[in-house]
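The next block is final_13.txt, given as compact mmCIF, C-alpha atoms.
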# COMPACT_ATOMS: atom_id res chain seq x y z
CA MET U 294 -31.21 15.32 -1.40
CA LYS U 295 -32.14 13.64 1.87
CA ASN U 296 -33.85 16.81 3.08
CA LYS U 297 -35.71 17.14 -0.24
CA TRP U 298 -37.08 13.61 -0.02
CA LYS U 299 -38.13 14.28 3.57
CA THR U 300 -40.00 17.41 2.45
CA TYR U 301 -41.85 15.43 -0.24
CA THR U 302 -42.75 12.73 2.27
CA GLU U 303 -44.17 15.23 4.72
CA ASN U 304 -45.96 17.21 1.95
CA PRO U 305 -47.09 14.80 -0.79
CA ASP U 306 -48.79 17.58 -2.75
CA ASN U 307 -45.41 19.19 -3.45
CA LYS U 308 -44.49 16.22 -5.63
CA TYR U 309 -46.95 17.29 -8.31
CA ARG U 310 -47.42 20.53 -10.22
CA ASP U 311 -50.28 21.61 -12.52
CA THR U 312 -48.09 21.93 -15.61
CA GLU U 313 -51.06 21.84 -18.01
CA GLY U 314 -52.66 24.79 -16.28
CA ALA U 315 -49.38 26.67 -16.24
CA TRP U 316 -48.90 26.11 -19.98
CA LYS U 317 -52.49 27.26 -20.69
CA ARG U 318 -51.89 30.48 -18.81
CA LEU U 319 -48.60 31.02 -20.66
CA SER U 320 -50.31 30.45 -24.04
CA GLU U 321 -52.93 33.05 -23.21
CA LYS U 322 -50.19 35.57 -22.36
CA ILE U 323 -48.42 34.82 -25.65
CA SER U 324 -51.65 35.29 -27.60
CA ASP U 325 -52.41 38.54 -25.81
CA ALA U 326 -48.94 39.81 -26.69
CA GLY U 327 -49.50 39.05 -30.39
CA MET U 328 -46.69 36.49 -30.60
CA ASP U 329 -46.61 33.45 -32.86
CA GLU U 330 -48.75 30.78 -31.27
CA ASP U 331 -47.02 27.99 -33.20
CA ILE U 332 -44.38 27.57 -30.56
CA THR U 333 -43.19 24.23 -29.24
CA PRO U 334 -44.11 24.16 -25.58
CA VAL U 335 -41.31 23.91 -23.05
CA ARG U 336 -41.60 20.94 -20.77
CA HIS U 337 -41.37 21.98 -17.13
CA LEU U 338 -39.95 19.47 -14.70
CA THR U 339 -41.74 18.64 -11.52
CA GLY U 340 -39.88 19.07 -8.24
CA LEU U 341 -39.30 15.32 -8.02
CA GLN U 342 -38.01 15.10 -11.61
CA TYR U 343 -35.68 18.04 -11.01
CA THR U 344 -34.27 16.40 -7.88
CA LEU U 345 -33.77 13.09 -9.66
CA ARG U 346 -31.88 14.80 -12.49
CA ILE U 347 -29.59 16.51 -10.01
CA ALA U 348 -28.99 13.16 -8.32
CA ALA U 349 -28.14 11.56 -11.67
CA VAL U 350 -25.61 14.30 -12.44
CA ILE U 351 -24.00 13.89 -9.00
CA ILE U 352 -23.75 10.11 -9.43
CA LEU U 353 -22.19 10.58 -12.89
CA ILE U 354 -19.63 13.02 -11.53
CA LEU U 355 -18.72 10.62 -8.70
CA ALA U 356 -18.54 7.63 -11.04
CA VAL U 357 -16.10 9.42 -13.34
CA GLY U 358 -14.25 11.52 -10.78
CA ILE U 359 -13.43 8.98 -8.07
CA PRO U 360 -11.65 6.48 -10.39
CA ALA U 361 -9.84 9.38 -12.09
CA LEU U 362 -8.71 10.70 -8.71
CA TYR U 363 -7.62 7.23 -7.59
CA PHE U 364 -5.52 6.56 -10.67
CA SER U 365 -4.14 10.07 -10.58
CA ASN U 366 -2.96 9.59 -7.00
CA ASN U 367 -1.41 6.23 -7.83
CA GLU U 368 0.26 7.50 -10.96
CA PHE U 369 1.59 10.81 -9.68
CA GLY U 370 0.88 11.24 -5.98
CA GLN U 371 2.79 8.09 -5.10
CA GLY U 372 5.70 8.75 -7.39
CA ASN U 373 4.50 6.53 -10.26
CA SER U 374 5.66 3.51 -8.28
CA ALA U 375 4.68 0.39 -10.18
CA PHE U 376 6.83 -2.59 -9.24
CA GLU U 377 7.65 -4.03 -5.84
CA HIS U 378 9.57 -7.20 -4.96
CA ARG U 379 9.84 -8.73 -1.49
CA ALA U 380 12.07 -11.61 -0.40
CA GLU U 381 9.72 -13.23 2.11
CA ASN U 382 11.11 -16.77 2.27
CA GLY U 383 14.83 -17.00 1.57
CA THR U 384 16.64 -14.94 -1.06
CA LEU U 385 14.98 -13.57 -4.20
CA THR U 386 16.51 -12.81 -7.62
CA VAL U 387 15.06 -9.80 -9.47
CA ASP U 388 15.89 -9.10 -13.13
CA LEU U 389 15.42 -5.42 -13.98
CA PRO U 390 14.29 -4.11 -17.41
CA ASP U 391 17.78 -2.81 -18.28
CA GLY U 392 19.39 -6.24 -17.78
CA SER U 393 20.70 -5.55 -14.28
CA ARG U 394 20.14 -8.21 -11.64
CA VAL U 395 19.43 -7.83 -7.93
CA PHE U 396 19.71 -10.53 -5.26
CA LEU U 397 17.52 -9.68 -2.26
CA ASN U 398 18.25 -11.13 1.15
CA GLU U 399 15.32 -12.49 3.14
CA GLY U 400 13.07 -9.77 4.55
CA SER U 401 14.25 -7.16 2.02
CA LYS U 402 12.21 -5.09 -0.46
CA LEU U 403 13.02 -3.50 -3.82
CA GLU U 404 10.88 -0.90 -5.62
CA TYR U 405 11.20 0.89 -8.96
CA ARG U 406 8.95 2.97 -11.20
CA LYS U 407 7.36 2.44 -14.58
CA ASN U 408 9.80 4.88 -16.16
CA PHE U 409 12.80 2.86 -14.88
CA GLU U 410 14.42 2.60 -18.32
CA GLU U 411 14.45 6.41 -18.57
CA GLN U 412 15.84 6.95 -15.06
CA ARG U 413 17.42 3.89 -13.47
CA ASN U 414 16.35 4.61 -9.91
CA VAL U 415 15.40 1.95 -7.34
CA THR U 416 14.61 1.98 -3.63
CA LEU U 417 15.96 -0.70 -1.28
CA GLU U 418 14.93 -1.72 2.21
CA GLY U 419 17.10 -4.36 3.88
CA GLU U 420 19.98 -6.01 2.01
CA GLY U 421 20.60 -6.55 -1.68
CA PHE U 422 23.47 -7.40 -4.03
CA PHE U 423 23.41 -5.48 -7.32
CA ASP U 424 24.98 -6.58 -10.60
CA VAL U 425 24.45 -3.48 -12.75
CA MET U 426 24.63 -3.29 -16.54
CA SER U 427 26.95 -0.53 -17.74
CA ASP U 428 25.30 2.50 -19.35
CA PRO U 429 27.32 5.77 -19.24
CA ASN U 430 24.29 7.80 -20.32
CA ARG U 431 22.02 6.52 -17.54
CA PRO U 432 23.55 6.26 -14.06
CA PHE U 433 22.04 3.60 -11.80
CA ARG U 434 20.92 4.93 -8.39
CA VAL U 435 19.89 3.04 -5.27
CA ASN U 436 18.00 4.98 -2.59
CA THR U 437 18.02 3.75 1.00
CA GLY U 438 16.98 5.39 4.22
CA LYS U 439 20.28 7.28 4.63
CA VAL U 440 22.28 7.26 1.40
CA VAL U 441 22.06 7.35 -2.38
CA VAL U 442 24.42 4.98 -4.23
CA THR U 443 25.28 5.98 -7.81
CA VAL U 444 27.04 3.71 -10.33
CA LEU U 445 27.46 3.22 -14.07
CA GLY U 446 28.22 -0.49 -14.26
CA THR U 447 29.49 -2.53 -11.33
CA SER U 448 28.59 -5.08 -8.67
CA PHE U 449 28.10 -4.12 -5.05
CA ASN U 450 26.21 -5.01 -1.90
CA ILE U 451 24.05 -2.71 0.25
CA ARG U 452 23.09 -3.66 3.79
CA GLU U 453 20.74 -1.64 5.97
CA SER U 454 21.13 -2.59 9.64
CA GLU U 455 18.44 -2.61 12.31
CA ASN U 456 19.80 0.68 13.69
CA LYS U 457 19.34 2.14 10.17
CA SER U 458 23.07 2.43 9.49
CA VAL U 459 23.96 1.51 5.90
CA GLN U 460 26.93 -0.47 4.58
CA VAL U 461 27.99 -0.48 0.92
CA PHE U 462 30.54 -3.06 -0.20
CA VAL U 463 32.00 -2.91 -3.73
CA GLU U 464 32.90 -6.16 -5.48
CA SER U 465 33.80 -4.64 -8.86
CA GLY U 466 33.85 -1.22 -10.51
CA LYS U 467 33.45 2.06 -8.62
CA VAL U 468 30.57 3.34 -6.53
CA GLN U 469 29.71 6.78 -5.21
CA VAL U 470 27.94 6.91 -1.86
CA ALA U 471 26.32 10.20 -0.80
CA MET U 472 24.38 11.15 2.30
CA LYS U 473 20.78 12.09 1.56
CA ASP U 474 20.64 14.95 4.03
CA GLY U 475 23.99 16.56 3.26
CA GLU U 476 26.78 17.15 0.74
CA GLU U 477 29.10 14.46 2.11
CA ALA U 478 30.09 11.78 -0.45
CA ILE U 479 32.80 9.17 -0.91
CA LEU U 480 34.04 7.02 -3.79
CA LEU U 481 34.48 3.28 -3.19
CA GLU U 482 36.63 0.86 -5.17
CA PRO U 483 36.68 -2.97 -5.21
CA GLY U 484 37.14 -4.48 -1.76
CA GLN U 485 36.21 -1.28 0.04
CA LEU U 486 33.33 -0.83 2.46
CA GLY U 487 31.49 2.44 3.03
CA VAL U 488 29.56 2.88 6.28
CA ALA U 489 26.92 5.58 6.79
CA ASN U 490 26.07 6.11 10.43
CA GLY U 491 25.71 9.83 11.01
CA HIS U 492 28.59 10.41 8.59
CA LEU U 493 30.43 8.44 5.91
CA GLU U 494 33.48 6.24 6.57
CA ARG U 495 35.61 4.17 4.19
CA THR U 496 37.29 0.93 5.27
CA GLU U 497 38.43 -2.46 3.97
CA VAL U 498 36.35 -5.62 4.31
CA VAL U 499 38.17 -8.31 6.28
CA ASP U 500 35.24 -10.71 6.59
CA ASP U 501 35.64 -13.58 4.10
CA ASN U 502 31.96 -14.40 4.51
CA TYR U 503 30.50 -10.94 3.96
CA LEU U 504 28.61 -12.06 0.83
CA SER U 505 27.97 -15.64 1.92
CA TRP U 506 24.21 -14.98 2.23
CA LYS U 507 24.21 -14.66 -1.58
CA THR U 508 26.99 -17.01 -2.70
CA LYS U 509 26.56 -19.73 -0.05
CA ASP U 510 30.37 -19.99 -0.08
CA PHE U 511 32.03 -20.00 3.34
CA LYS U 512 35.59 -19.90 4.60
CA PHE U 513 36.41 -20.42 8.27
CA VAL U 514 40.01 -20.42 9.52
CA ASP U 515 40.46 -21.44 13.16
CA GLU U 516 37.02 -20.00 13.93
CA ASN U 517 35.04 -20.44 17.12
CA VAL U 518 32.17 -22.87 16.43
CA GLY U 519 29.67 -20.47 18.00
CA ASP U 520 30.73 -17.77 15.53
CA ILE U 521 30.51 -20.24 12.65
CA LEU U 522 26.96 -21.15 13.60
CA SER U 523 26.04 -17.45 13.80
CA VAL U 524 27.28 -16.88 10.24
CA LEU U 525 25.35 -19.91 8.99
CA LYS U 526 22.25 -18.82 10.85
CA GLU U 527 22.28 -15.42 9.11
CA ALA U 528 23.02 -16.91 5.69
CA TYR U 529 20.34 -19.62 5.75
CA HIS U 530 17.78 -17.83 7.97
CA VAL U 531 17.40 -20.66 10.46
CA ASP U 532 17.44 -20.85 14.25
CA ILE U 533 20.13 -22.91 16.00
CA GLU U 534 19.94 -23.82 19.66
CA TYR U 535 22.83 -25.36 21.59
CA ASN U 536 22.18 -24.20 25.15
CA ASN U 537 23.15 -27.57 26.63
CA ILE U 538 26.47 -27.78 24.78
CA ASN U 539 29.60 -25.75 25.59
CA LEU U 540 31.09 -24.61 22.28
CA SER U 541 33.26 -21.79 23.64
CA ASP U 542 36.49 -23.80 23.33
CA ARG U 543 35.64 -25.59 20.07
CA ARG U 544 37.27 -24.26 16.90
CA LEU U 545 37.21 -25.38 13.27
CA THR U 546 38.98 -24.68 9.97
CA THR U 547 36.82 -25.54 6.97
CA THR U 548 35.27 -24.29 3.72
CA TYR U 549 31.88 -24.86 2.09
CA ASN U 550 30.81 -24.10 -1.47
CA GLY U 551 27.12 -23.94 -2.33
CA GLN U 552 26.07 -26.73 0.05
CA SER U 553 22.75 -26.94 1.86
CA PHE U 554 22.57 -26.00 5.51
CA ASP U 555 21.74 -29.59 6.52
CA ALA U 556 24.81 -30.90 4.72
CA ILE U 557 27.03 -28.30 6.41
CA LEU U 558 25.57 -28.96 9.85
CA ASN U 559 26.08 -32.70 9.40
CA THR U 560 29.82 -32.21 8.82
CA ILE U 561 30.11 -29.89 11.85
CA CYS U 562 28.26 -32.33 14.10
CA THR U 563 30.44 -35.19 12.87
CA ALA U 564 33.59 -33.20 13.62
CA LEU U 565 32.35 -32.29 17.11
CA ASP U 566 30.86 -35.74 17.85
CA ILE U 567 27.39 -34.32 18.50
CA ARG U 568 24.01 -34.67 16.80
CA TYR U 569 21.01 -32.48 16.05
CA ARG U 570 17.27 -32.70 15.67
CA LYS U 571 15.06 -30.41 13.64
CA GLU U 572 11.78 -28.79 14.64
CA GLY U 573 10.51 -26.65 11.75
CA LYS U 574 13.28 -24.13 11.03
CA VAL U 575 14.87 -24.67 14.44
CA TYR U 576 17.91 -26.94 14.72
CA ILE U 577 18.67 -28.20 18.23
CA LEU U 578 22.20 -29.51 18.89
CA GLN U 579 22.60 -32.33 21.40
CA THR U 580 25.37 -34.53 22.74
CA ASN U 581 25.44 -38.17 21.63

Do you think you could lay out the structure here as structure tokens?
Amino acid sequence: MKNKWKTYTENPDNKYRDTEGAWKRLSEKISDAGMDEDITPVRHLTGLQYTLRIAAVIILILAVGIPALYFSNNEFGQGNSAFEHRAENGTLTVDLPDGSRVFLNEGSKLEYRKNFEEQRNVTLEGEGFFDVMSDPNRPFRVNTGKVVVTVLGTSFNIRESENKSVQVFVESGKVQVAMKDGEEAILLEPGQLGVANGHLERTEVVDDNYLSWKTKDFKFVDENVGDILSVLKEAYHVDIEYNNINLSDRRLTTTYNGQSFDAILNTICTALDIRYRKEGKVYILQTN
């Protein structure tokens, strides 16, 4: 089209054609041949008109085709993915269409498709606790980077570590954990932990605070204060600095149930006879 316009610009006479003369010559040929002269003349397009019609057709094709291609790619090329939930600030609770509930830890992401109620498949990045509604006819599957977790109705936690290893802890019911790139699979029962790091292992959870990020319930028995602060830091997503205080020989036995981080830290500081100041999400411990 660009070249055609350039040709017309350089040769203005090409824009116009003597259509009347052409039709007169055609009429004479028809008469000479003895054909019916009462014929509706055919309108001949000029070069410019012909080019403009082609341009209009191209524009129409693009106007219809590009949106169709876009929605086709989104609907099928990207796996019909329709819903995405991210826990950007603190934990996030997601209620799924089948009545199941997911608790996402901060920084985690959950995705599922429009046809979720036909095939209960979700994808998880990070950490999430699942409370799944029972449905024997539709297994519930969670896809992570390394494993696929399949259940019917149960509650369990999935944690993807920074090194991409995956932990699956079962609170109730039974869970099957299978490696994505192999045939290896294990069955987990309540209280058991499955770890996928190259291969699958089954073990028992001995950490009383494994789910504290979700429940905000803590139990510490003769624990080092530094370790206690590390658990609280992970559960409440805060930074704690105590570089000027030696906590290596300080130990505490205590429990907390659904309390705020500030309330917990106040009791710890009172027990240790120290104080803290807050700068944004950073808590700085200091001696009195």

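When only C-alpha atoms are used to compute distances to Glu399 (chain U), the closest of the residues U:Asn430, U:Thr447, U:Asn414, U:Asn382 turns out to be U:Asn382.
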
message = Please compute the CA of Thr443 (chain U)-CA of Gly491 (chain U) distance, one decimal, in Å.
response =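 If I compute the distance from CA of Thr443 (chain U) to CA of Gly491 (chain U), I get 19.2 Å.
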
inquiry  = Env of Phe409 (chain U): 10 Å cut, atoms = all atoms listed in the file, seq-sep filter 6 positions within chain, self excluded. Answer as an MDAnalysis selection string.
reply    = chainID U and resid 374:376 389:391 415 433

key: U:Cys562, U:Ile533, U:Asn539, U:Thr547 ranked by distance to Phe511 (chain U), top pick (using only C-alpha atoms)   =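 Closest candidate: U:Thr547.
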
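What separates CA of Tyr529 (chain U) from CA of Met426 (chain U) is a distance of 28.0 Å.
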
task = Work out how far apart CA of Phe449 (chain U) and CA of Tyr503 (chain U) are and give it in Å to one decimal.
result =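 A separation of 11.6 Å between them.
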
Contacts of Glu494 (chain U) within 12 Å, all atoms listed in the file, excl. fewer than 2 positions in-chain, as a list in words =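 Counting all atoms listed in the file, the residues come to Ser458, Val459, Gln460, Val461, Phe462, Val470, Ala471, Met472, Glu477, Ala478, Ile479, Leu480, Leu481, Gln485, Leu486, Gly487, Val488, Ala489, Asn490, Gly491, His492, Thr496 and Glu497 of chain U.
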